[in-house]
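Visitor: This one is run.tsv, TSV, C-alpha atoms and all ligand atoms.
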chain	number	residue	atom	x	y	z
A	5	MET	CA	52.48	-24.25	110.73
A	6	ILE	CA	52.25	-24.80	114.49
A	7	CYS	CA	51.51	-21.69	116.47
A	8	VAL	CA	50.45	-22.33	120.05
A	9	LEU	CA	50.81	-18.63	120.84
A	10	GLU	CA	48.43	-17.48	118.09
A	11	ASP	CA	45.93	-20.16	119.03
A	12	SER	CA	46.04	-19.23	122.72
A	13	LYS	CA	45.57	-15.55	121.78
A	14	PHE	CA	42.52	-16.55	119.70
A	15	ILE	CA	41.08	-18.54	122.60
A	16	ALA	CA	41.74	-15.74	125.12
A	17	GLY	CA	40.16	-13.21	122.76
A	18	ASN	CA	36.95	-15.23	122.48
A	19	ALA	CA	36.67	-16.92	125.87
A	20	VAL	CA	33.43	-16.59	127.83
A	21	HIS	CA	34.09	-18.63	130.99
A	22	VAL	CA	37.72	-17.65	131.58
A	23	ARG	CA	39.30	-14.20	131.45
A	24	VAL	CA	42.95	-13.15	131.61
A	25	ASN	CA	43.23	-10.49	134.34
A	26	GLU	CA	45.90	-7.98	133.25
A	27	ASP	CA	46.18	-6.37	136.70
A	28	GLY	CA	46.80	-9.76	138.27
A	29	CYS	CA	49.44	-10.57	135.64
A	30	LYS	CA	51.14	-7.23	136.33
A	31	ARG	CA	51.23	-7.94	140.08
A	32	VAL	CA	52.65	-11.43	139.53
A	33	ALA	CA	55.31	-10.03	137.21
A	34	ALA	CA	56.37	-7.61	139.95
A	35	SER	CA	56.50	-10.42	142.53
A	36	ILE	CA	58.65	-12.61	140.27
A	37	VAL	CA	61.01	-9.68	139.69
A	38	ALA	CA	61.25	-9.20	143.47
A	39	GLU	CA	61.87	-12.93	143.92
A	40	ILE	CA	64.70	-12.94	141.37
A	41	ASP	CA	66.19	-9.78	142.90
A	42	ALA	CA	66.24	-11.60	146.23
A	43	HIS	CA	67.04	-15.21	145.31
A	44	GLY	CA	68.17	-15.43	141.68
A	45	LYS	CA	66.55	-17.25	138.77
A	46	ARG	CA	64.58	-20.39	139.58
A	47	TYR	CA	64.70	-22.33	136.30
A	48	GLU	CA	68.45	-22.77	136.66
A	49	THR	CA	67.56	-25.15	139.49
A	50	TRP	CA	66.25	-28.02	137.31
A	51	ASP	CA	69.08	-30.18	138.72
A	52	SER	CA	68.21	-29.15	142.26
A	53	HIS	CA	65.15	-31.41	142.29
A	54	GLU	CA	66.37	-34.57	144.01
A	55	LEU	CA	64.63	-36.91	141.54
A	56	HIS	CA	65.99	-35.27	138.39
A	57	PRO	CA	69.08	-36.96	136.88
A	58	GLN	CA	72.42	-35.35	137.63
A	59	THR	CA	74.39	-36.91	134.75
A	60	LYS	CA	74.23	-35.04	131.44
A	61	ASP	CA	74.48	-37.59	128.68
A	62	THR	CA	72.27	-39.36	126.13
A	63	SER	CA	70.84	-41.67	128.83
A	64	THR	CA	69.58	-38.49	130.55
A	65	LEU	CA	67.91	-37.52	127.27
A	66	ASP	CA	66.14	-40.89	127.16
A	67	TRP	CA	65.09	-40.39	130.81
A	68	ILE	CA	63.52	-37.02	129.92
A	69	PHE	CA	61.75	-38.43	126.85
A	70	PHE	CA	60.38	-41.37	128.85
A	71	ILE	CA	59.15	-39.04	131.61
A	72	ASP	CA	57.47	-36.69	129.17
A	73	LEU	CA	55.72	-39.54	127.38
A	74	LEU	CA	54.05	-40.34	130.73
A	75	ASN	CA	53.84	-36.86	132.24
A	76	PHE	CA	50.04	-36.65	132.52
A	77	SER	CA	47.00	-37.04	134.76
A	78	PHE	CA	48.27	-37.66	138.28
A	79	TRP	CA	45.39	-35.93	140.05
A	80	SER	CA	43.68	-38.21	142.57
A	81	LYS	CA	39.97	-39.05	143.04
A	82	THR	CA	40.91	-40.18	146.57
A	83	ASP	CA	42.72	-36.99	147.63
A	84	VAL	CA	39.63	-34.81	147.12
A	85	GLU	CA	41.16	-31.90	149.06
A	86	ASP	CA	44.22	-32.20	146.78
A	87	THR	CA	46.60	-32.00	149.74
A	88	GLY	CA	49.11	-34.09	147.80
A	89	SER	CA	49.67	-36.18	150.93
A	90	HIS	CA	46.35	-37.98	151.52
A	91	PRO	CA	47.39	-41.35	153.09
A	92	GLU	CA	45.49	-43.37	150.48
A	93	ARG	CA	46.25	-41.45	147.28
A	94	PHE	CA	48.46	-43.17	144.66
A	95	ALA	CA	52.07	-42.85	145.84
A	96	ILE	CA	55.44	-44.36	144.97
A	97	GLU	CA	57.72	-45.27	147.86
A	98	TYR	CA	61.36	-44.61	147.04
A	99	HIS	CA	64.34	-44.32	149.38
A	100	GLY	CA	61.95	-44.40	152.33
A	101	LYS	CA	59.90	-41.44	151.09
A	102	ARG	CA	56.45	-41.32	149.45
A	103	TYR	CA	56.04	-39.30	146.28
A	104	THR	CA	52.77	-38.28	144.65
A	105	GLY	CA	51.84	-36.42	141.45
A	106	TYR	CA	54.56	-35.69	138.91
A	107	TRP	CA	57.21	-36.70	141.44
A	108	SER	CA	55.65	-40.18	141.75
A	109	LEU	CA	56.49	-40.71	138.08
A	110	CYS	CA	60.12	-39.70	138.55
A	111	ALA	CA	60.39	-41.91	141.66
A	112	ALA	CA	58.84	-44.89	139.85
A	113	VAL	CA	61.33	-44.58	136.98
A	114	ASN	CA	64.37	-44.08	139.22
A	115	ARG	CA	63.32	-47.09	141.32
A	116	MET	CA	63.33	-49.33	138.21
A	117	LEU	CA	66.70	-48.01	137.04
A	118	GLU	CA	68.18	-48.71	140.47
A	119	ARG	CA	66.96	-52.31	140.13
A	120	GLY	CA	69.08	-52.52	136.99
A	121	ILE	CA	66.08	-52.48	134.61
A	122	PRO	CA	66.84	-50.26	131.55
A	123	ILE	CA	63.25	-48.99	131.54
A	124	THR	CA	64.08	-45.68	129.81
A	125	ASP	CA	65.88	-47.34	126.88
A	126	PRO	CA	63.46	-47.03	123.91
A	127	LYS	CA	64.64	-50.41	122.52
A	128	PHE	CA	63.57	-51.91	125.87
A	129	TYR	CA	60.15	-50.34	126.42
A	130	ALA	CA	59.22	-50.82	122.77
A	131	ASP	CA	59.86	-54.57	123.15
A	132	VAL	CA	56.79	-56.37	124.58
A	133	GLU	CA	58.86	-59.56	125.12
A	134	ARG	CA	61.64	-57.91	127.19
A	135	CYS	CA	59.30	-55.33	128.73
A	136	PRO	CA	55.85	-56.92	129.18
A	137	ASN	CA	52.84	-54.90	130.34
A	138	GLY	CA	53.21	-56.45	133.78
A	139	LEU	CA	56.64	-54.88	134.20
A	140	ILE	CA	55.25	-51.41	133.42
A	141	ALA	CA	52.46	-52.08	135.91
A	142	GLU	CA	55.13	-53.08	138.43
A	143	MET	CA	56.97	-49.81	137.84
A	144	PHE	CA	53.81	-48.02	139.03
A	145	SER	CA	53.15	-50.32	141.99
A	146	SER	CA	51.63	-48.04	144.59
A	147	ALA	CA	52.42	-47.78	148.30
A	148	THR	CA	48.68	-47.23	148.87
A	149	SER	CA	45.30	-48.67	147.90
A	150	GLU	CA	44.90	-46.25	144.95
A	151	SER	CA	46.66	-47.30	141.75
A	152	VAL	CA	48.14	-45.07	139.08
A	153	PRO	CA	45.47	-43.43	136.91
A	154	MET	CA	45.26	-44.45	133.23
A	155	LEU	CA	47.74	-47.37	133.34
A	156	LYS	CA	46.36	-48.86	130.11
A	157	GLU	CA	46.80	-45.57	128.26
A	158	ARG	CA	50.30	-45.12	129.74
A	159	ILE	CA	51.34	-48.51	128.34
A	160	GLN	CA	49.91	-47.63	124.90
A	161	VAL	CA	51.73	-44.27	124.85
A	162	LEU	CA	54.99	-45.93	125.89
A	163	ARG	CA	54.75	-48.61	123.19
A	164	GLU	CA	54.06	-45.97	120.51
A	165	GLY	CA	56.86	-43.67	121.70
A	166	GLY	CA	59.38	-46.51	121.91
A	167	ARG	CA	58.38	-48.02	118.57
A	168	VAL	CA	58.72	-44.74	116.68
A	169	LEU	CA	62.08	-43.93	118.28
A	170	VAL	CA	63.33	-47.42	117.32
A	171	GLU	CA	61.89	-47.38	113.78
A	172	LYS	CA	62.71	-43.77	112.82
A	173	TYR	CA	65.49	-42.59	115.13
A	174	ASP	CA	67.59	-45.70	115.73
A	175	GLY	CA	66.26	-46.07	119.27
A	176	SER	CA	67.25	-42.81	120.91
A	177	TYR	CA	65.89	-39.31	121.58
A	178	ALA	CA	69.40	-37.99	120.84
A	179	ASN	CA	68.98	-38.97	117.15
A	180	LEU	CA	65.66	-37.13	117.03
A	181	LEU	CA	67.36	-34.03	118.46
A	182	LYS	CA	70.13	-34.30	115.87
A	183	GLN	CA	67.51	-33.74	113.15
A	184	CYS	CA	66.25	-30.51	114.74
A	185	SER	CA	69.20	-28.17	114.00
A	186	HIS	CA	68.79	-26.66	117.51
A	187	SER	CA	65.24	-25.53	116.72
A	188	ALA	CA	62.43	-26.07	119.23
A	189	GLN	CA	59.83	-25.52	116.50
A	190	ARG	CA	61.51	-28.17	114.31
A	191	LEU	CA	61.41	-30.60	117.25
A	192	LEU	CA	57.70	-29.86	117.82
A	193	THR	CA	57.03	-30.45	114.11
A	194	LEU	CA	58.78	-33.85	114.15
A	195	LEU	CA	57.01	-34.85	117.38
A	196	LEU	CA	53.63	-34.04	115.83
A	197	ARG	CA	54.52	-35.75	112.54
A	198	ASP	CA	55.78	-39.00	114.07
A	199	PHE	CA	54.25	-39.39	117.57
A	200	PRO	CA	50.41	-39.12	117.65
A	201	ASN	CA	50.39	-39.20	121.47
A	202	PHE	CA	51.97	-35.70	121.55
A	203	ASN	CA	49.24	-34.25	119.34
A	204	ASP	CA	47.54	-32.15	122.01
A	205	THR	CA	45.09	-30.00	120.03
A	206	SER	CA	41.48	-28.94	120.59
A	207	VAL	CA	38.81	-27.50	118.30
A	208	TYR	CA	37.58	-24.15	119.63
A	209	ARG	CA	34.91	-22.18	117.71
A	210	ASP	CA	35.66	-24.29	114.59
A	211	ARG	CA	39.42	-23.59	114.77
A	212	ASN	CA	41.91	-26.40	115.44
A	213	CYS	CA	44.04	-25.00	118.27
A	214	TYR	CA	47.46	-26.32	119.24
A	215	ILE	CA	48.09	-26.58	123.00
A	216	LEU	CA	50.97	-29.13	122.89
A	217	LYS	CA	51.60	-29.36	126.61
A	218	ARG	CA	53.75	-32.53	126.74
A	219	ALA	CA	55.57	-31.75	123.48
A	220	GLN	CA	56.57	-28.33	124.78
A	221	ILE	CA	57.53	-29.53	128.27
A	222	LEU	CA	59.77	-32.11	126.57
A	223	VAL	CA	61.60	-29.26	124.82
A	224	ALA	CA	61.67	-27.23	128.04
A	225	GLU	CA	63.05	-30.00	130.27
A	226	THR	CA	65.71	-30.84	127.67
A	227	TRP	CA	66.68	-27.15	127.56
A	228	ALA	CA	66.61	-26.70	131.37
A	229	CYS	CA	68.46	-29.96	132.12
A	230	PHE	CA	71.36	-29.04	129.82
A	231	GLY	CA	71.30	-25.36	130.76
A	232	GLY	CA	70.48	-24.28	127.21
A	233	LYS	CA	73.73	-25.76	125.86
A	234	ASP	CA	74.81	-28.94	123.97
A	235	TRP	CA	71.77	-31.21	123.72
A	236	GLY	CA	69.72	-28.44	125.37
A	237	ARG	CA	70.57	-25.73	122.85
A	238	PHE	CA	67.48	-24.33	121.12
A	239	ASP	CA	68.05	-21.05	119.29
A	240	ASP	CA	64.30	-20.36	119.25
A	241	ILE	CA	63.56	-21.45	122.85
A	242	ASP	CA	61.67	-18.20	123.51
A	243	THR	CA	58.93	-19.35	121.09
A	244	VAL	CA	57.94	-22.15	123.50
A	245	THR	CA	54.88	-21.27	125.60
A	246	MET	CA	53.70	-22.20	129.09
A	247	PHE	CA	52.56	-25.85	129.32
A	248	ALA	CA	48.80	-26.02	129.90
A	249	ASP	CA	48.58	-28.67	132.60
A	250	TYR	CA	46.08	-28.74	135.51
A	251	ARG	CA	48.38	-27.31	138.21
A	252	VAL	CA	49.54	-23.92	136.83
A	253	PRO	CA	45.99	-22.76	135.89
A	254	GLN	CA	45.05	-23.40	139.52
A	255	ILE	CA	47.69	-20.99	140.83
A	256	LEU	CA	47.02	-18.48	138.04
A	257	TRP	CA	43.43	-18.27	139.37
A	258	GLN	CA	44.66	-18.00	142.97
A	259	LEU	CA	47.03	-15.20	141.94
A	260	GLU	CA	44.12	-13.46	140.17
A	261	CYS	CA	45.69	-13.76	136.73
A	262	LEU	CA	42.65	-15.75	135.61
A	263	ASP	CA	39.00	-15.10	136.43
A	264	TYR	CA	36.41	-17.85	136.03
A	265	SER	CA	32.67	-17.59	135.34
A	266	GLU	CA	30.42	-18.65	138.21
A	267	GLU	CA	29.40	-21.69	136.16
A	268	PHE	CA	32.97	-22.86	135.53
A	269	GLU	CA	34.08	-22.21	139.13
A	270	GLY	CA	31.03	-24.16	140.31
A	271	ARG	CA	31.94	-27.16	138.14
A	272	LEU	CA	35.47	-27.15	139.57
A	273	ARG	CA	34.30	-26.84	143.18
A	274	ASN	CA	31.77	-29.65	142.62
A	275	HIS	CA	34.66	-31.86	141.45
A	276	GLU	CA	32.76	-32.55	138.26
A	277	GLN	CA	34.79	-34.77	135.93
A	278	ILE	CA	35.06	-32.74	132.72
A	279	ALA	CA	35.68	-34.18	129.26
A	280	HIS	CA	38.87	-33.27	127.39
A	281	GLY	CA	37.82	-30.74	124.74
A	282	ASP	CA	34.98	-29.25	126.83
A	283	VAL	CA	34.72	-25.55	125.92
A	284	MET	CA	35.54	-24.41	129.45
A	285	GLU	CA	38.59	-26.72	129.60
A	286	VAL	CA	39.89	-25.34	126.29
A	287	GLU	CA	39.31	-21.77	127.48
A	288	MET	CA	41.15	-22.48	130.75
A	289	ARG	CA	44.14	-23.99	128.91
A	290	GLY	CA	44.31	-21.30	126.20
A	291	CYS	CA	43.90	-18.42	128.68
A	292	SER	CA	46.59	-19.92	130.95
A	293	ILE	CA	49.07	-19.85	128.07
A	294	TRP	CA	48.06	-16.29	127.24
A	295	ALA	CA	48.22	-15.16	130.89
A	296	VAL	CA	51.86	-16.24	131.12
A	297	GLU	CA	52.58	-14.22	127.97
A	298	CYS	CA	50.95	-11.23	129.71
A	299	ILE	CA	53.11	-11.75	132.80
A	300	ARG	CA	56.14	-11.87	130.49
A	301	LYS	CA	55.41	-8.51	128.92
A	302	TRP	CA	55.25	-6.85	132.40
A	303	MET	CA	58.82	-7.94	133.20
A	304	PRO	CA	61.10	-5.68	131.16
A	305	LYS	CA	63.76	-5.93	133.86
A	306	TYR	CA	64.28	-9.67	133.32
A	307	ALA	CA	63.67	-11.20	129.89
A	308	LEU	CA	62.29	-14.42	131.30
A	309	ASN	CA	60.77	-16.75	128.73
A	310	ALA	CA	57.46	-18.55	129.22
A	311	ILE	CA	59.26	-21.71	130.39
A	312	GLU	CA	61.00	-19.93	133.26
A	313	ILE	CA	57.76	-18.29	134.37
A	314	ASP	CA	55.94	-21.61	134.07
A	315	PHE	CA	58.52	-23.48	136.16
A	316	TYR	CA	58.37	-20.71	138.77
A	317	LEU	CA	54.57	-20.89	138.95
A	318	TRP	CA	54.47	-24.69	139.02
A	319	ASP	CA	57.02	-24.90	141.82
A	320	LEU	CA	55.12	-22.17	143.72
A	321	ALA	CA	51.86	-24.08	143.26
A	322	LYS	CA	53.47	-27.19	144.77
A	323	GLU	CA	54.76	-25.14	147.72
A	324	TRP	CA	51.29	-23.74	148.34
A	325	GLN	CA	49.74	-27.19	148.00
A	326	SER	CA	52.14	-28.56	150.63
A	327	ILE	CA	51.16	-25.90	153.19
A	328	ALA	CA	47.46	-26.15	152.27
A	329	PHE	CA	46.56	-22.48	152.47
A	330	ARG	CA	43.34	-22.17	154.42
A	331	PRO	CA	40.75	-19.84	152.94
A	332	ASP	CA	41.04	-16.30	154.20
A	333	ASN	CA	39.79	-13.01	152.81
A	334	SER	CA	42.36	-12.89	149.98
A	335	ARG	CA	41.81	-15.13	146.96
A	336	ALA	CA	45.50	-16.04	146.96
A	337	HIS	CA	44.89	-18.16	150.03
A	338	GLN	CA	41.75	-19.84	148.76
A	339	GLN	CA	42.09	-23.28	147.31
A	340	ILE	CA	40.32	-24.02	144.06
A	341	PRO	CA	40.34	-27.61	142.84
A	342	CYS	CA	42.36	-28.49	139.77
A	343	ILE	CA	40.24	-29.30	136.74
A	344	GLU	CA	39.37	-33.00	136.78
A	345	VAL	CA	40.00	-34.21	133.24
A	346	ARG	CA	41.41	-37.61	132.45
A	347	SER	CA	43.62	-37.12	129.39
A	348	ILE	CA	46.92	-38.43	128.05
A	349	TYR	CA	47.78	-34.85	127.07
A	350	TYR	CA	48.31	-33.28	130.51
B	401	LIG	N1	52.99	-26.41	133.47
B	401	LIG	C1	53.75	-27.34	134.07
B	401	LIG	N2	53.23	-28.57	134.28
B	401	LIG	C2	54.02	-29.47	134.90
B	401	LIG	C3	55.33	-29.22	135.32
B	401	LIG	C4	55.80	-30.43	135.91
B	401	LIG	C5	57.11	-30.73	136.54
B	401	LIG	N3	58.04	-29.68	136.41
B	401	LIG	C6	59.19	-29.73	137.27
B	401	LIG	C7	60.41	-29.84	136.48
B	401	LIG	C8	61.04	-28.66	136.43
B	401	LIG	C9	60.28	-27.62	137.12
B	401	LIG	O1	61.12	-26.81	137.91
B	401	LIG	C10	59.34	-28.41	137.99
B	401	LIG	O2	59.93	-28.65	139.23
B	401	LIG	C11	54.76	-31.35	135.85
B	401	LIG	N4	53.72	-30.74	135.24
B	401	LIG	C12	52.37	-31.24	135.05
B	401	LIG	O3	51.68	-31.00	136.27
B	401	LIG	C13	50.76	-32.07	136.49
B	401	LIG	C14	51.22	-32.81	137.71
B	401	LIG	O4	50.93	-31.99	138.84
B	401	LIG	P1	50.88	-32.72	140.29
B	401	LIG	O5	49.81	-33.79	140.19
B	401	LIG	O6	50.50	-31.60	141.23
B	401	LIG	O7	52.26	-33.29	140.54
B	401	LIG	C15	50.81	-32.95	135.27
B	401	LIG	O8	49.90	-32.47	134.29
B	401	LIG	C16	52.23	-32.72	134.80
B	401	LIG	O9	52.37	-32.99	133.43
B	401	LIG	C17	55.86	-27.92	135.08
B	401	LIG	O10	57.01	-27.57	135.43
B	401	LIG	N5	55.02	-27.03	134.45
Could you show the structure in this file as structure tokens?
Ligand SMILES: Nc1nc2c(c(CN[C@H]3C=C[C@H](O)[C@@H]3O)cn2[C@@H]2O[C@H](COP(=O)(O)O)[C@@H](O)[C@H]2O)c(=O)[nH]1
Guide:
Amino acid sequence: MICVLEDSKFIAGNAVHVRVNEDGCKRVAASIVAEIDAHGKRYETWDSHELHPQTKDTSTLDWIFFIDLLNFSFWSKTDVEDTGSHPERFAIEYHGKRYTGYWSLCAAVNRMLERGIPITDPKFYADVERCPNGLIAEMFSSATSESVPMLKERIQVLREGGRVLVEKYDGSYANLLKQCSHSAQRLLTLLLRDFPNFNDTSVYRDRNCYILKRAQILVAETWACFGGKDWGRFDDIDTVTMFADYRVPQILWQLECLDYSEEFEGRLRNHEQIAHGDVMEVEMRGCSIWAVECIRKWMPKYALNAIEIDFYLWDLAKEWQSIAFRPDNSRAHQQIPCIEVRSIYY
């Protein structure tokens, strides 16, 4: 039985280097409530992002699956200040604009589709003859001197994802969804059973803990893209947790929802590359999931689920990154580097 929530509660209850700050979570809950009072719900804006597909059909499903196979590790060793716009950090040029981070992935995929290459069709990217490694490398051809991180691993993950969809689900994500009876937990179970690359777990104090960042964001983007209906209908969507990436923990610390030990904060500020599975990394990821659950419980006025809070925090983190808050006396304006872990899981 998969239970990310129970595992994150276990991690948060035993963590030494990361602490969930209830007062900070309460303050953030109040600020999200104020934001919704003023501007309405944010997650309903999935379509508003210019690089997200506007059509709502099975090709959109295959776009989302393709993206969430590759949705990991875009942080840059070149852009040390993490401005997102360092002139030499890996970037994809598309329609005259440069995209970095997660958006570079979306731009790279859309650029291929516009060239008439069916890159998101599982039958295509599973086929080494029709879709050789060089074509995938070409998809990620950078506008700068830095190339996409982990290209070799991205190709391996793509081949596995495409092969399993072809062999078990007749070459489409839609057929996988059809076997889930509108259950997010059923989808997570099938993803873990059939696609090893989604198996994002870590051992913490001898317990195997599920984190499942890319598997859960796949559910969430499917749900958000289709507005919770049709292909996006999941009757248990509220059981999906926040997705433990490297961007949301950063803003959770800035918003004082997470507190770090001096040792962990020092490792982050020294830009130490940390191994996936390091105890402090697992504590950061588990406590981030638990912090969002704490924010949720302080919002009786709006029954937001963890996905909606996550999307709000991620979009806010990207806004703050773009205006590069300079350090001032409040922690909210201090930058803290994202954790530097190279992993196919986030
Ligand atoms: N927890 C969480 N992690 C998310 C996202 C998204 C994209 N979400 C968009 C879609 C709908 C929403 O409204 C957002 O606009 C990407 N990531 C992760 O971040 C990292 C990339 O960061 P950077 O290098 O700075 O771009 C990488 O691990 C990637 O997997 C999210 O929403 N939540």
Visitor: Compute the set of protein, DNA and RNA residues whose minimum atom distance to ligand LIG 401 (chain B) is at most 6 Å, using all atoms listed in the file, and state it as a ChimeraX atom specification.
Guide: /A:47,50,75-79,105-106,247-252,314-315,318-319,350
Visitor: Would you kindly return, as a PyMOL selection string, each protein, DNA or RNA residue with an atom no farther than 9 Å from any atom of Ile71 of chain A, considering all atoms listed in the file and excluding same-chain residues fewer than 3 positions away?
Guide: chain A and resi 66-68+74-75+109-110+113+124+222
Visitor: Quick one: residues within 10 Å of segment 37-39 of chain A, all atoms listed in the file counted, chain neighbours fewer than 6 positions away excluded, as an MDAnalysis selection string?
Guide: chainID A and resid 31 45:46 302:306 308 316
Visitor: Please report as CSV every residue of segment 69-162 of chain A lying within 12 Å of segment 267-284 of chain A, along with the nearest atom pair and their distance in Å (one decimal), using all atoms listed in the file.
Guide:
residue,atom,partner,partner_atom,distance
A:Ser77,CA,A:His280,CA,11.6
A:Trp79,CA,A:Gln277,CA,11.4
A:Ser80,CA,A:His275,CA,11.1
A:Lys81,CA,A:His275,CA,9.1
A:Thr82,CA,A:His275,CA,11.6
A:Asp83,CA,A:His275,CA,11.4
A:Val84,CA,A:His275,CA,8.1
A:Glu85,CA,A:His275,CA,10.0
A:Asp86,CA,A:His275,CA,11.0
Visitor: If I take atom CA of Gly120 of chain A and atom CA of Gly165 of chain A, how far is one from the other in Å, to one decimal?
Guide: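 Computing the Euclidean distance for atom CA of Gly120 of chain A and atom CA of Gly165 of chain A yields 21.5 Å.
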Visitor: Taking only C-alpha atoms into account, which of A:Asn203, A:Gln325, A:Gln339, A:Thr148 comes nearest Thr87 of chain A?
Guide: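 When distances to Thr87 of chain A are compared using only C-alpha atoms, the smallest one comes from A:Gln325.
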Visitor: Looking at A:Ser145, A:Gln220, A:Ser265, A:Thr226, which one is nearest to Met246 of chain A, with distances taken over all atoms listed in the file?
Guide: A:Gln220
Visitor: Which polymer residues have any atom within 8 Å of an atom of Lys127 of chain A, counting only C-alpha atoms, with same-chain residues fewer than 2 positions away left out, as a PyMOL selection string?
Guide: chain A and resi 125+129-131+166-167+170+175
Visitor: Atoms to include: C-alpha atoms. Write the selected residues as a JSON list (two decimals), keeping the file's coordinate frame.
Guide:
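Written file, again-v2.json:
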[["chain", "number", "residue", "atom", "x", "y", "z"],
["A", 125, "ASP", "CA", 65.88, -47.34, 126.88],
["A", 129, "TYR", "CA", 60.15, -50.34, 126.42],
["A", 130, "ALA", "CA", 59.22, -50.82, 122.77],
["A", 131, "ASP", "CA", 59.86, -54.57, 123.15],
["A", 166, "GLY", "CA", 59.38, -46.51, 121.91],
["A", 167, "ARG", "CA", 58.38, -48.02, 118.57],
["A", 170, "VAL", "CA", 63.33, -47.42, 117.32],
["A", 175, "GLY", "CA", 66.26, -46.07, 119.27]]
Visitor: Can you pull out the residues contacting Arg190 of chain A? Cut-off 10 Å, using all atoms listed in the file, and skip same-chain residues under 4 positions away; I want them as a list in words.
Guide: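 Here the qualifying residues turn out to be Ile6, Leu181, Gln183, Cys184, Ser185, His186, Leu194, Leu195, Leu196, Phe238 and Asp240 of chain A.
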Visitor: Go ahead and compute the interatomic distance for atom CA of Ile40 of chain A and atom CA of Asp61 of chain A, in Å to one decimal.
Guide: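 These two atoms are separated by 29.4 Å.
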Visitor: Residues near Ala307 of chain A, anyone? I mean within 10 Å using only C-alpha atoms, not counting same-chain ones fewer than 6 positions away, as an NGL selection string.
Guide: :A and (242 or 300-301)
Visitor: Find the residue from A:Glu92, A:Glu133, A:Glu266, A:Glu142 that sits nearest to Leu155 of chain A; use all atoms listed in the file when measuring.
Guide: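 Selected residue with least distance to Leu155 of chain A: A:Glu142.
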Visitor: With all atoms listed in the file as the basis for distance, which of A:Cys135, A:Val24, A:Met116, A:Ala33 is at the shortest distance from Ile299 of chain A?
Guide: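 Counting all atoms listed in the file, the residue closest to Ile299 of chain A is A:Ala33.
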Visitor: Box for segment 17-24 of chain A - axis-aligned, 6 Å on each of the six sides, all listed atoms - centre and size in Å to one decimal, as lines of an AutoDock Vina configuration file.
Guide:
center_x = 38.2
center_y = -15.9
center_z = 127.0
size_x = 21.5
size_y = 17.5
size_z = 21.1
Visitor: Which is closest to Thr59 of chain A among A:Cys229, A:Cys291, A:Ala19, A:Leu317, if we use all atoms listed in the file?
Guide: A:Cys229
Visitor: Record the distance separating atom CA of Ala112 of chain A and atom CA of Asn179 of chain A, expressed in Å with one decimal.
Guide: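 About the pair atom CA of Ala112 of chain A and atom CA of Asn179 of chain A: they are 25.6 Å apart.
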